[in-house]
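Below is one structure; the comments refer to it alone.
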Amino acid sequence: MKLLPAYSIPTQRRPSLAEFVPRIREAVDGWREQGYPGVTDTTRRLLTFWFFEDHQVNKKWFGYYFCQREAIETLIYLYEVAKAHRFIDLMQQFGRRALVYDPSTDRYPRYVFKMATGSGKTKVMSLAAVWSYFNAIFEPDLRLPKTFLIIAPNVIVFERLKIDFEDGKIFRQDPLIPPEWANDWQMTVILRDDPTPSTTRGTLYLTNVQRLYERGEKPPETPVDALLGPKPKKETLTSEELLDRIASHGELMIMNDEGHHLHLDDMVWNQRIIAMHEKLEAVGSELTAQLDFTATPRTQKGKLFPEIVVDYPIMQAIEDGIVKRPILGEIGGDIEIPSAKASVRWRQRIDAGVAKWKEFWEELSKSGHKPILFIMTEDTKSADDIAGDLEARYPHLFGGRVLNIHTNRKGEILERKTNLKLIERLRKAARKVDGKDSPYRAIVSVLMLREGWDVKNVVVIVPLRPYTAKANILPEQTLGRGLRLMGGAGSGWDEKVIVIEHEAFRDFWDKELAEEGLEIERRRLEDVTKDVVTILVDKSKLEYDLEIPQLSPALTRSATRLSDLTLGMLPAGVLPKPEKGRVAEETIHYRGRDMLTQVIVEEHDLRIPFPDRPDSVIAYFTDRILHYAHLRQAARFAEMAPIVEQYLTKRFFKKPIDLSEPAVIKRLSEPDARTYVIQSFVDAINRLTIEPVTVRIAQRPRRVSATPAFPWSRKTYDGLKTVFNLVACDVDYEAEFAAFLDHAKDVAAYAKNAEQMHFFIEYISSQGGMRYYYPDFIVQATDGDMFLVETKGIEDIEVPIKDNRARKWCHDVTDLTGQSWYYVKIPWKVFQETTATTFDGLYRHALASGA
């Protein structure tokens, strides 16, 4: 499967204005390239499992975005390797200029993660919790906690986080826990006021910040407060019972979502965290780390928080395809009609928004997606007027389908009493507007729904209210409500969110986000197209439908058989026994240079003796074998070392040897011998821990025609012998190959494999991890034979492995079904060179070329 920019390690990134980020990035990049030196065995296994093995979630390929990977890598590097546990450590190791430093506030590790809306901050929280938990169990000297407190700024963010964390859902659904440690994962998730006691090793508390205040506070007075929860009040409040309960567990990690709220020392949110730290210190524990996640880590004066350690800006997220691309749709002529009624005054903007929304609706509804129109008004009266006007003038589109969140532009209510039932209904409706059961297609509101209202389906925003600094509406927060993807990164659908022209909005963005490098694309509205088509099964072409056999996995991973490793599983007599005798010591040339004058002050050769202790040789090989086999060295060292010793002394050489012989040690130190020993063990361990199992027919064949419709923005080809209306192509070669199949007389039908077909083959990668291979095409010949076809442009180290696995799959299917399946790889160069006009001719040409 092609690794897209969102998942790839970038060759270059947008510069960061945050004080520490440039040097932290440089350090983390170098550390990653070196293979993560300096971390615990536990951390190494987690990093390998997360980022060097393929995973499936809900039958789809899953990978962590690079920005998520870099965030957890940065946390691990700062905590485990750089030991930057205080702000002063960050200043000394990564600072570029002098900063004001107050030791009295530097109480515990505090890291800020600046991550754009939609980049997956919740995923990073879960990665951090798993890293900390398993190190707390397996590496107690690291002093990491098994207890976590996640704090949301308001109720609506709490409800969003609850979806992921309630009952530990995210830890079961995402590939967070290596399978061999599944039984060691014991985590209780406690929500806000839940009195359930924790009886497991680990505990995760999830609450909104208001719950940390003293009970008995007055109920919210405005719908904004009821929807989002009141802002932190600048007065001292306590909730000792909850704090004491959390502190009783010992070491603690706090993670703050939308953490820009708390970086003011006089805010109660920040005071509550300090109080928690003091409680922990009183019982001999500590606040191990505070992690703050936010897209907008700025003070009220617009300055970046100094504690930022990760910077993933919105423009990078747009370029990487993690969020929608924003388009400013410009409209010509008079855009404001003199009228007291907002629906008349702004009719041109509103109708432009509706027209653009309708284009999205007509296309996306074919694939089951439901785009949302979002209109932000000046005041409550305007919201009522516009909501009613939409339903009256567009009854077929919006009749009974407009959600009107009813507040004035400051979020204040005219009447003193709040209709709490209405507020709860609005809160639920706003939260579930993406759902298939939600009736709403448009939202009209004065309220700028900010953090927490993380819906995915907004495709058009019509701003009608003022955008001023006084209104305290940050540009990224505004646009953020429409940035999240409906289809997910790498789906083949390049999504956009259109903002209908608003002069103040445009100027504000130009000024405020220039330093972020964010340039909003501007187009005349008539030139803005949806740039998306729907790939679906054409019912008139069912004669080209194909069946794909469903086999059970051929491989499974289990570490329980490691104890079965024997010498007989390792190659014997690899090298001749070295001749006894004195081994000359090697030398290296040393030169000492004065750093100020650059004058050489000393120069001589240094003798480098070989190790003369057998135990150091055994320890070295054992450590390297366990490292490359992705096993926890500390837990397996005692089990593996005796086997390593026996192999080196009795089997590796053609005759038994004595490890204390200098000639033997020298020979084992040479690259060819060293590599052969380590790789032989790793291969044997993989053969044991990743076990082949008997393949069987798992279920009825999957028909290509069962593939659900899906949106696509890349190249398409109007294929003839395929059940789809269009062929979804990632590159031009795939379109040319599909055209060849259409014209080949011996091809009965074909299908371009898409992620939505859920057809993949598992294999073991060059690094020993479990991966998934997605063949490019399935082809049926007129004689009934079936083919998996890989159309390759470039080769990499994984290609031969995938080739062999695909051939094995075809062999298994042929044996189990009686229908002949074959695998062929047709590189671009072979396709260009061939003169064949039939698929059989092309197939034979590819085989003859050695592809």
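In the structure tokens, chains take the letters A, B, ... in the order shown, each chain's residues start at 1, and ligands count up from 1 in the order shown.
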
Write out as a PyMOL selection string all residues of stretch 99-157 of chain A that DSSP puts in alpha helix (DSSP H) for this structure's backbone. chain A and resi 121-138+155-157

Take the residues just selected and output them with N, CA, C and O atoms as a CSV table (one decimal), in the first residue's frame.
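Output file again17.csv is given in full below:
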```
chain,number,residue,atom,x,y,z
A,121,LYS,N,-5.3,14.6,18.1
A,121,LYS,CA,-4.7,14.8,19.5
A,121,LYS,C,-5.1,13.7,20.4
A,121,LYS,O,-4.3,13.3,21.3
A,122,THR,N,-6.3,13.2,20.3
A,122,THR,CA,-6.8,12.1,21.1
A,122,THR,C,-5.9,10.8,20.9
A,122,THR,O,-5.6,10.1,21.9
A,123,LYS,N,-5.5,10.6,19.7
A,123,LYS,CA,-4.6,9.4,19.5
A,123,LYS,C,-3.3,9.5,20.2
A,123,LYS,O,-2.8,8.6,20.8
A,124,VAL,N,-2.8,10.8,20.3
A,124,VAL,CA,-1.5,11.0,21.0
A,124,VAL,C,-1.7,10.8,22.5
A,124,VAL,O,-0.8,10.2,23.1
A,125,MET,N,-2.8,11.2,23.0
A,125,MET,CA,-3.1,11.0,24.4
A,125,MET,C,-3.1,9.5,24.7
A,125,MET,O,-2.5,9.0,25.7
A,126,SER,N,-3.7,8.7,23.9
A,126,SER,CA,-3.8,7.2,24.1
A,126,SER,C,-2.4,6.6,24.0
A,126,SER,O,-2.1,5.7,24.8
A,127,LEU,N,-1.6,7.1,23.0
A,127,LEU,CA,-0.2,6.5,22.9
A,127,LEU,C,0.6,6.9,24.2
A,127,LEU,O,1.3,6.0,24.7
A,128,ALA,N,0.4,8.1,24.7
A,128,ALA,CA,1.2,8.5,25.9
A,128,ALA,C,0.8,7.6,27.1
A,128,ALA,O,1.6,7.3,27.9
A,129,ALA,N,-0.5,7.4,27.2
A,129,ALA,CA,-1.0,6.6,28.3
A,129,ALA,C,-0.4,5.1,28.3
A,129,ALA,O,0.0,4.6,29.3
A,130,VAL,N,-0.4,4.5,27.1
A,130,VAL,CA,0.1,3.2,27.0
A,130,VAL,C,1.6,3.1,27.2
A,130,VAL,O,2.1,2.2,27.9
A,131,TRP,N,2.3,4.1,26.6
A,131,TRP,CA,3.8,4.2,26.9
A,131,TRP,C,4.1,4.3,28.4
A,131,TRP,O,4.9,3.6,28.9
A,132,SER,N,3.4,5.2,29.0
A,132,SER,CA,3.6,5.4,30.5
A,132,SER,C,3.3,4.1,31.3
A,132,SER,O,4.0,3.7,32.2
A,133,TYR,N,2.1,3.6,31.0
A,133,TYR,CA,1.6,2.4,31.7
A,133,TYR,C,2.6,1.2,31.7
A,133,TYR,O,2.9,0.7,32.7
A,134,PHE,N,3.0,0.8,30.5
A,134,PHE,CA,3.8,-0.4,30.4
A,134,PHE,C,5.2,-0.1,30.9
A,134,PHE,O,5.8,-1.0,31.5
A,135,ASN,N,5.7,1.1,30.8
A,135,ASN,CA,7.0,1.4,31.4
A,135,ASN,C,6.9,1.4,32.9
A,135,ASN,O,7.8,1.0,33.6
A,136,ALA,N,5.7,1.8,33.5
A,136,ALA,CA,5.5,1.8,34.9
A,136,ALA,C,5.5,0.3,35.4
A,136,ALA,O,6.0,0.0,36.5
A,137,ILE,N,5.0,-0.6,34.6
A,137,ILE,CA,5.0,-2.0,35.0
A,137,ILE,C,6.4,-2.7,34.8
A,137,ILE,O,6.9,-3.4,35.7
A,138,PHE,N,6.9,-2.5,33.6
A,138,PHE,CA,8.1,-3.3,33.2
A,138,PHE,C,9.4,-2.6,33.6
A,138,PHE,O,10.5,-3.2,33.6
A,155,VAL,N,-18.2,20.8,28.7
A,155,VAL,CA,-19.0,19.5,28.6
A,155,VAL,C,-19.0,18.9,27.2
A,155,VAL,O,-18.9,17.7,27.1
A,156,ILE,N,-19.0,19.7,26.2
A,156,ILE,CA,-19.1,19.2,24.8
A,156,ILE,C,-17.8,18.5,24.4
A,156,ILE,O,-17.8,17.5,23.8
A,157,VAL,N,-16.6,19.0,24.9
A,157,VAL,CA,-15.4,18.3,24.7
A,157,VAL,C,-15.3,17.0,25.5
A,157,VAL,O,-14.9,16.0,25.0
```

Env of stretch 185-187 of chain A: 8 Å cut, atoms = only C-alpha atoms, seq-sep filter 2 positions within chain, self excluded. Answer as number ranges by chain. A: 134, 168, 177, 181-183, 189, 200-204

Considering only C-alpha atoms, return as a list of chain:residue names whatever protein or nucleic-acid residues lie within 8 Å of stretch 696-704 of chain A, sequence-local ones (same chain, fewer than 3 positions apart) excluded.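 Everything that qualifies: A:Asp545, A:Leu546, A:Glu547, A:Ile548, A:Pro549, A:Gln550, A:Leu551, A:Ser552, A:Thr707, A:Val723, A:Ala751, A:Met757, A:Leu816.
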
Please produce an output containing N, CA, C and O atoms for each residue in the selection, written as a PDB file, in the first residue's frame.
```pdb
ATOM      1  N   ASP A 545     -18.982  -8.630 -12.767  1.00  0.00           N
ATOM      2  CA  ASP A 545     -18.726  -8.821 -11.347  1.00  0.00           C
ATOM      3  C   ASP A 545     -17.727  -9.961 -11.136  1.00  0.00           C
ATOM      4  O   ASP A 545     -17.657 -10.904 -11.937  1.00  0.00           O
ATOM      5  N   LEU A 546     -16.941  -9.881 -10.085  1.00  0.00           N
ATOM      6  CA  LEU A 546     -15.951 -10.904  -9.760  1.00  0.00           C
ATOM      7  C   LEU A 546     -16.141 -11.365  -8.327  1.00  0.00           C
ATOM      8  O   LEU A 546     -16.659 -10.638  -7.487  1.00  0.00           O
ATOM      9  N   GLU A 547     -15.702 -12.600  -8.064  1.00  0.00           N
ATOM     10  CA  GLU A 547     -15.709 -13.135  -6.715  1.00  0.00           C
ATOM     11  C   GLU A 547     -14.275 -13.299  -6.223  1.00  0.00           C
ATOM     12  O   GLU A 547     -13.428 -13.826  -6.936  1.00  0.00           O
ATOM     13  N   ILE A 548     -14.032 -12.843  -4.986  1.00  0.00           N
ATOM     14  CA  ILE A 548     -12.707 -12.974  -4.380  1.00  0.00           C
ATOM     15  C   ILE A 548     -12.814 -13.930  -3.207  1.00  0.00           C
ATOM     16  O   ILE A 548     -13.538 -13.666  -2.237  1.00  0.00           O
ATOM     17  N   PRO A 549     -12.135 -15.090  -3.267  1.00  0.00           N
ATOM     18  CA  PRO A 549     -12.199 -16.044  -2.148  1.00  0.00           C
ATOM     19  C   PRO A 549     -11.715 -15.409  -0.851  1.00  0.00           C
ATOM     20  O   PRO A 549     -10.791 -14.593  -0.850  1.00  0.00           O
ATOM     21  N   GLN A 550     -12.325 -15.779   0.250  1.00  0.00           N
ATOM     22  CA  GLN A 550     -11.964 -15.255   1.560  1.00  0.00           C
ATOM     23  C   GLN A 550     -11.253 -16.357   2.348  1.00  0.00           C
ATOM     24  O   GLN A 550     -11.881 -17.321   2.796  1.00  0.00           O
ATOM     25  N   LEU A 551      -9.945 -16.215   2.487  1.00  0.00           N
ATOM     26  CA  LEU A 551      -9.159 -17.211   3.196  1.00  0.00           C
ATOM     27  C   LEU A 551      -8.901 -16.771   4.635  1.00  0.00           C
ATOM     28  O   LEU A 551      -8.843 -15.578   4.928  1.00  0.00           O
ATOM     29  N   SER A 552      -8.734 -17.741   5.491  1.00  0.00           N
ATOM     30  CA  SER A 552      -8.304 -17.437   6.850  1.00  0.00           C
ATOM     31  C   SER A 552      -6.849 -16.987   6.800  1.00  0.00           C
ATOM     32  O   SER A 552      -6.127 -17.302   5.852  1.00  0.00           O
ATOM     33  N   THR A 707     -18.970  -3.861  -2.871  1.00  0.00           N
ATOM     34  CA  THR A 707     -18.204  -2.697  -2.429  1.00  0.00           C
ATOM     35  C   THR A 707     -19.118  -1.487  -2.299  1.00  0.00           C
ATOM     36  O   THR A 707     -19.840  -1.151  -3.250  1.00  0.00           O
ATOM     37  N   VAL A 723     -17.200  -3.768 -13.088  1.00  0.00           N
ATOM     38  CA  VAL A 723     -18.537  -3.577 -12.541  1.00  0.00           C
ATOM     39  C   VAL A 723     -18.745  -2.163 -12.020  1.00  0.00           C
ATOM     40  O   VAL A 723     -19.881  -1.733 -11.797  1.00  0.00           O
ATOM     41  N   ALA A 751     -11.119  -5.727 -11.994  1.00  0.00           N
ATOM     42  CA  ALA A 751     -11.464  -4.738 -10.964  1.00  0.00           C
ATOM     43  C   ALA A 751     -10.189  -4.135 -10.435  1.00  0.00           C
ATOM     44  O   ALA A 751      -9.218  -4.853 -10.169  1.00  0.00           O
ATOM     45  N   MET A 757     -12.820  -2.253  -0.883  1.00  0.00           N
ATOM     46  CA  MET A 757     -13.090  -3.659  -1.194  1.00  0.00           C
ATOM     47  C   MET A 757     -12.624  -4.593  -0.083  1.00  0.00           C
ATOM     48  O   MET A 757     -12.990  -5.766  -0.052  1.00  0.00           O
ATOM     49  N   LEU A 816      -7.681 -24.831  -2.699  1.00  0.00           N
ATOM     50  CA  LEU A 816      -8.912 -24.893  -1.905  1.00  0.00           C
ATOM     51  C   LEU A 816     -10.178 -24.768  -2.742  1.00  0.00           C
ATOM     52  O   LEU A 816     -11.232 -25.282  -2.363  1.00  0.00           O
TER      53      LEU A 816
END
```

Which polymer residues have any atom within 9 Å of an atom of A:Gly95, counting only C-alpha atoms, with same-chain residues fewer than 4 positions away left out, as a VMD selection string? chain A and resid 19 to 21 23 90 to 91 99

Give me, please, the distance in Å between atom CA of A:Arg481 and atom CA of A:Gln300, quoted to one decimal.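 Interatomic distance, atom CA of A:Arg481 to atom CA of A:Gln300: 21.0 Å.
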
Length of the atom CA of A:Ile778 to atom CA of A:Ser367 vector [Å]: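 One can read the atom CA of A:Ile778 to atom CA of A:Ser367 distance as 23.0 Å.
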
Which polymer residues have any atom within 10 Å of an atom of stretch 342-355 of chain A, counting only C-alpha atoms, with same-chain residues fewer than 4 positions away left out, as a VMD selection string? chain A and resid 329 to 338 359 to 361 373 to 375 377 to 379 381 to 390 394 397 442 459 to 464 498 to 502 525 to 526

Preceding selection exported with N, CA and C atoms as a tab-separated table (two decimals), in the first residue's frame:
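Saved file out.tsv follows:
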```tsv
chain	number	residue	atom	x	y	z
A	329	GLY	N	-14.55	31.34	-1.39
A	329	GLY	CA	-15.37	31.54	-2.58
A	329	GLY	C	-15.78	32.99	-2.74
A	330	GLU	N	-15.27	33.65	-3.76
A	330	GLU	CA	-15.55	35.06	-3.98
A	330	GLU	C	-16.76	35.24	-4.89
A	331	ILE	N	-17.63	36.16	-4.52
A	331	ILE	CA	-18.82	36.43	-5.32
A	331	ILE	C	-18.79	37.87	-5.79
A	332	GLY	N	-19.26	38.10	-6.99
A	332	GLY	CA	-19.22	39.44	-7.57
A	332	GLY	C	-20.52	40.20	-7.37
A	333	GLY	N	-20.49	41.51	-7.69
A	333	GLY	CA	-21.69	42.33	-7.57
A	333	GLY	C	-21.96	42.74	-6.14
A	334	ASP	N	-23.13	43.33	-5.92
A	334	ASP	CA	-23.52	43.76	-4.58
A	334	ASP	C	-23.82	42.54	-3.72
A	335	ILE	N	-23.11	42.42	-2.60
A	335	ILE	CA	-23.32	41.26	-1.74
A	335	ILE	C	-24.11	41.62	-0.50
A	336	GLU	N	-24.54	42.89	-0.39
A	336	GLU	CA	-25.36	43.29	0.75
A	336	GLU	C	-26.52	44.14	0.24
A	337	ILE	N	-27.75	43.68	0.49
A	337	ILE	CA	-28.96	44.38	0.04
A	337	ILE	C	-29.52	45.17	1.21
A	338	PRO	N	-29.82	46.47	1.03
A	338	PRO	CA	-30.36	47.27	2.13
A	338	PRO	C	-31.70	46.70	2.61
A	359	GLU	N	-24.38	21.28	-4.62
A	359	GLU	CA	-23.48	20.51	-5.49
A	359	GLU	C	-22.85	19.35	-4.71
A	360	PHE	N	-22.40	19.66	-3.49
A	360	PHE	CA	-21.83	18.60	-2.65
A	360	PHE	C	-22.89	17.55	-2.34
A	361	TRP	N	-24.08	17.99	-1.99
A	361	TRP	CA	-25.14	17.07	-1.59
A	361	TRP	C	-25.48	16.10	-2.72
A	373	LEU	N	-24.27	22.52	5.75
A	373	LEU	CA	-24.12	23.94	5.52
A	373	LEU	C	-24.12	24.64	6.89
A	374	PHE	N	-23.14	25.51	7.14
A	374	PHE	CA	-23.03	26.17	8.44
A	374	PHE	C	-23.08	27.68	8.22
A	375	ILE	N	-24.10	28.35	8.78
A	375	ILE	CA	-24.28	29.79	8.64
A	375	ILE	C	-24.14	30.44	10.01
A	377	THR	N	-24.52	33.86	12.12
A	377	THR	CA	-25.27	35.12	12.00
A	377	THR	C	-24.83	36.15	13.04
A	378	GLU	N	-25.40	37.36	12.92
A	378	GLU	CA	-25.02	38.46	13.79
A	378	GLU	C	-25.69	38.41	15.15
A	379	ASP	N	-26.94	37.98	15.20
A	379	ASP	CA	-27.67	37.99	16.46
A	379	ASP	C	-28.81	36.98	16.40
A	381	LYS	N	-32.05	37.36	16.47
A	381	LYS	CA	-33.13	37.71	15.54
A	381	LYS	C	-32.76	37.29	14.12
A	382	SER	N	-31.52	37.55	13.74
A	382	SER	CA	-31.08	37.16	12.39
A	382	SER	C	-31.07	35.64	12.23
A	383	ALA	N	-30.65	34.94	13.29
A	383	ALA	CA	-30.63	33.48	13.22
A	383	ALA	C	-32.04	32.93	12.99
A	384	ASP	N	-33.02	33.45	13.73
A	384	ASP	CA	-34.40	33.01	13.55
A	384	ASP	C	-34.88	33.29	12.13
A	385	ASP	N	-34.58	34.50	11.65
A	385	ASP	CA	-35.03	34.91	10.33
A	385	ASP	C	-34.43	34.02	9.24
A	386	ILE	N	-33.14	33.81	9.31
A	386	ILE	CA	-32.46	33.03	8.27
A	386	ILE	C	-32.86	31.57	8.32
A	387	ALA	N	-32.96	31.00	9.53
A	387	ALA	CA	-33.38	29.60	9.64
A	387	ALA	C	-34.78	29.41	9.04
A	388	GLY	N	-35.70	30.33	9.36
A	388	GLY	CA	-37.06	30.23	8.79
A	388	GLY	C	-37.06	30.42	7.30
A	389	ASP	N	-36.22	31.34	6.81
A	389	ASP	CA	-36.16	31.61	5.38
A	389	ASP	C	-35.63	30.40	4.61
A	390	LEU	N	-34.62	29.74	5.16
A	390	LEU	CA	-34.09	28.54	4.50
A	390	LEU	C	-35.17	27.48	4.34
A	394	TYR	N	-36.52	26.81	0.58
A	394	TYR	CA	-35.96	25.54	0.11
A	394	TYR	C	-36.58	24.38	0.87
A	397	LEU	N	-35.20	20.88	0.36
A	397	LEU	CA	-33.84	20.65	0.85
A	397	LEU	C	-33.73	20.78	2.37
A	442	ALA	N	-28.42	21.74	7.73
A	442	ALA	CA	-27.88	23.09	7.89
A	442	ALA	C	-27.92	23.47	9.36
A	459	VAL	N	-19.17	21.42	4.87
A	459	VAL	CA	-18.47	21.63	3.60
A	459	VAL	C	-18.57	23.07	3.13
A	460	VAL	N	-19.55	23.81	3.65
A	460	VAL	CA	-19.70	25.23	3.27
A	460	VAL	C	-19.97	26.03	4.53
A	461	ILE	N	-19.22	27.12	4.70
A	461	ILE	CA	-19.42	28.05	5.81
A	461	ILE	C	-19.81	29.40	5.24
A	462	VAL	N	-20.89	29.97	5.75
A	462	VAL	CA	-21.34	31.30	5.33
A	462	VAL	C	-21.23	32.21	6.54
A	463	PRO	N	-20.15	33.02	6.65
A	463	PRO	CA	-20.01	33.91	7.80
A	463	PRO	C	-20.73	35.23	7.55
A	464	LEU	N	-21.63	35.58	8.45
A	464	LEU	CA	-22.39	36.83	8.33
A	464	LEU	C	-22.17	37.75	9.52
A	498	ILE	N	-15.60	25.23	1.74
A	498	ILE	CA	-15.74	26.52	1.07
A	498	ILE	C	-16.25	27.56	2.06
A	499	VAL	N	-15.56	28.68	2.14
A	499	VAL	CA	-16.00	29.81	2.96
A	499	VAL	C	-16.49	30.90	2.01
A	500	ILE	N	-17.77	31.22	2.07
A	500	ILE	CA	-18.33	32.24	1.19
A	500	ILE	C	-17.77	33.60	1.58
A	501	GLU	N	-17.48	34.42	0.58
A	501	GLU	CA	-16.75	35.68	0.76
A	501	GLU	C	-17.28	36.52	1.92
A	502	HIS	N	-16.31	37.02	2.70
A	502	HIS	CA	-16.61	37.91	3.82
A	502	HIS	C	-15.37	38.77	3.98
A	525	LEU	N	-16.54	32.21	-7.18
A	525	LEU	CA	-17.40	31.14	-6.70
A	525	LEU	C	-17.83	30.22	-7.84
A	526	GLU	N	-18.05	30.80	-9.02
A	526	GLU	CA	-18.48	29.96	-10.14
A	526	GLU	C	-17.38	29.00	-10.59
```

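Proximity to A:Tyr101 was assessed for A:Glu53, A:Glu639, A:Glu307, A:Glu73 counting only C-alpha atoms; the smallest distance is recorded for A:Glu307.
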
Using only C-alpha atoms, which residues sit within 12 Å of A:Ser365 once same-chain residues fewer than 2 positions away are excluded, as an NGL selection string? :A and (357-363 or 367-372 or 436 or 441 or 457 or 532-534 or 536 or 709-711)

Taking only C-alpha atoms into account, which of A:Ile657, A:Leu304, A:Leu212, A:Val695 comes nearest A:Thr817?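 Closest candidate: A:Val695.
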
Write out as a ChimeraX atom specification all residues of stretch 88-266 of chain A that DSSP puts in strand (DSSP E or B) for this structure's backbone. /A:110-115,147-152,187-191,202-208,252-257

Extract, using only C-alpha atoms, all DNA, RNA and protein residues at most 6 Å from stretch 484-495 of chain A, discarding same-chain residues fewer than 2 positions from it, and format them as a PyMOL selection string. chain A and resi 118+321-324+456-457+482+711-713

Could you tell me how far atom CA of A:Ile76 sits from atom CA of A:Thr40, in Å to one decimal place? 10.1 Å

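Minimum atom-to-atom distance to A:Arg298, evaluated using only C-alpha atoms, belongs to A:Ala18 out of A:Leu46, A:Val779, A:Ala18, A:Val455.
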
Compare A:Tyr77, A:Lys539, A:Pro326, A:Phe51 by their minimum atom-to-atom distance to A:Gly30, counting only C-alpha atoms, and give me the closest one.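 Of A:Tyr77, A:Lys539, A:Pro326, A:Phe51, the one nearest A:Gly30 is A:Tyr77, counting only C-alpha atoms.
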
Nearest residue to A:Ile761 out of A:Asp803, A:Asp564, A:Glu579, A:Asp41, using only C-alpha atoms? A:Asp803

Between A:Arg172, A:Asn270, A:Tyr628, A:Phe49, which has the minimum distance to A:Gly35 (counting only C-alpha atoms)?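 Selected residue with least distance to A:Gly35: A:Tyr628.
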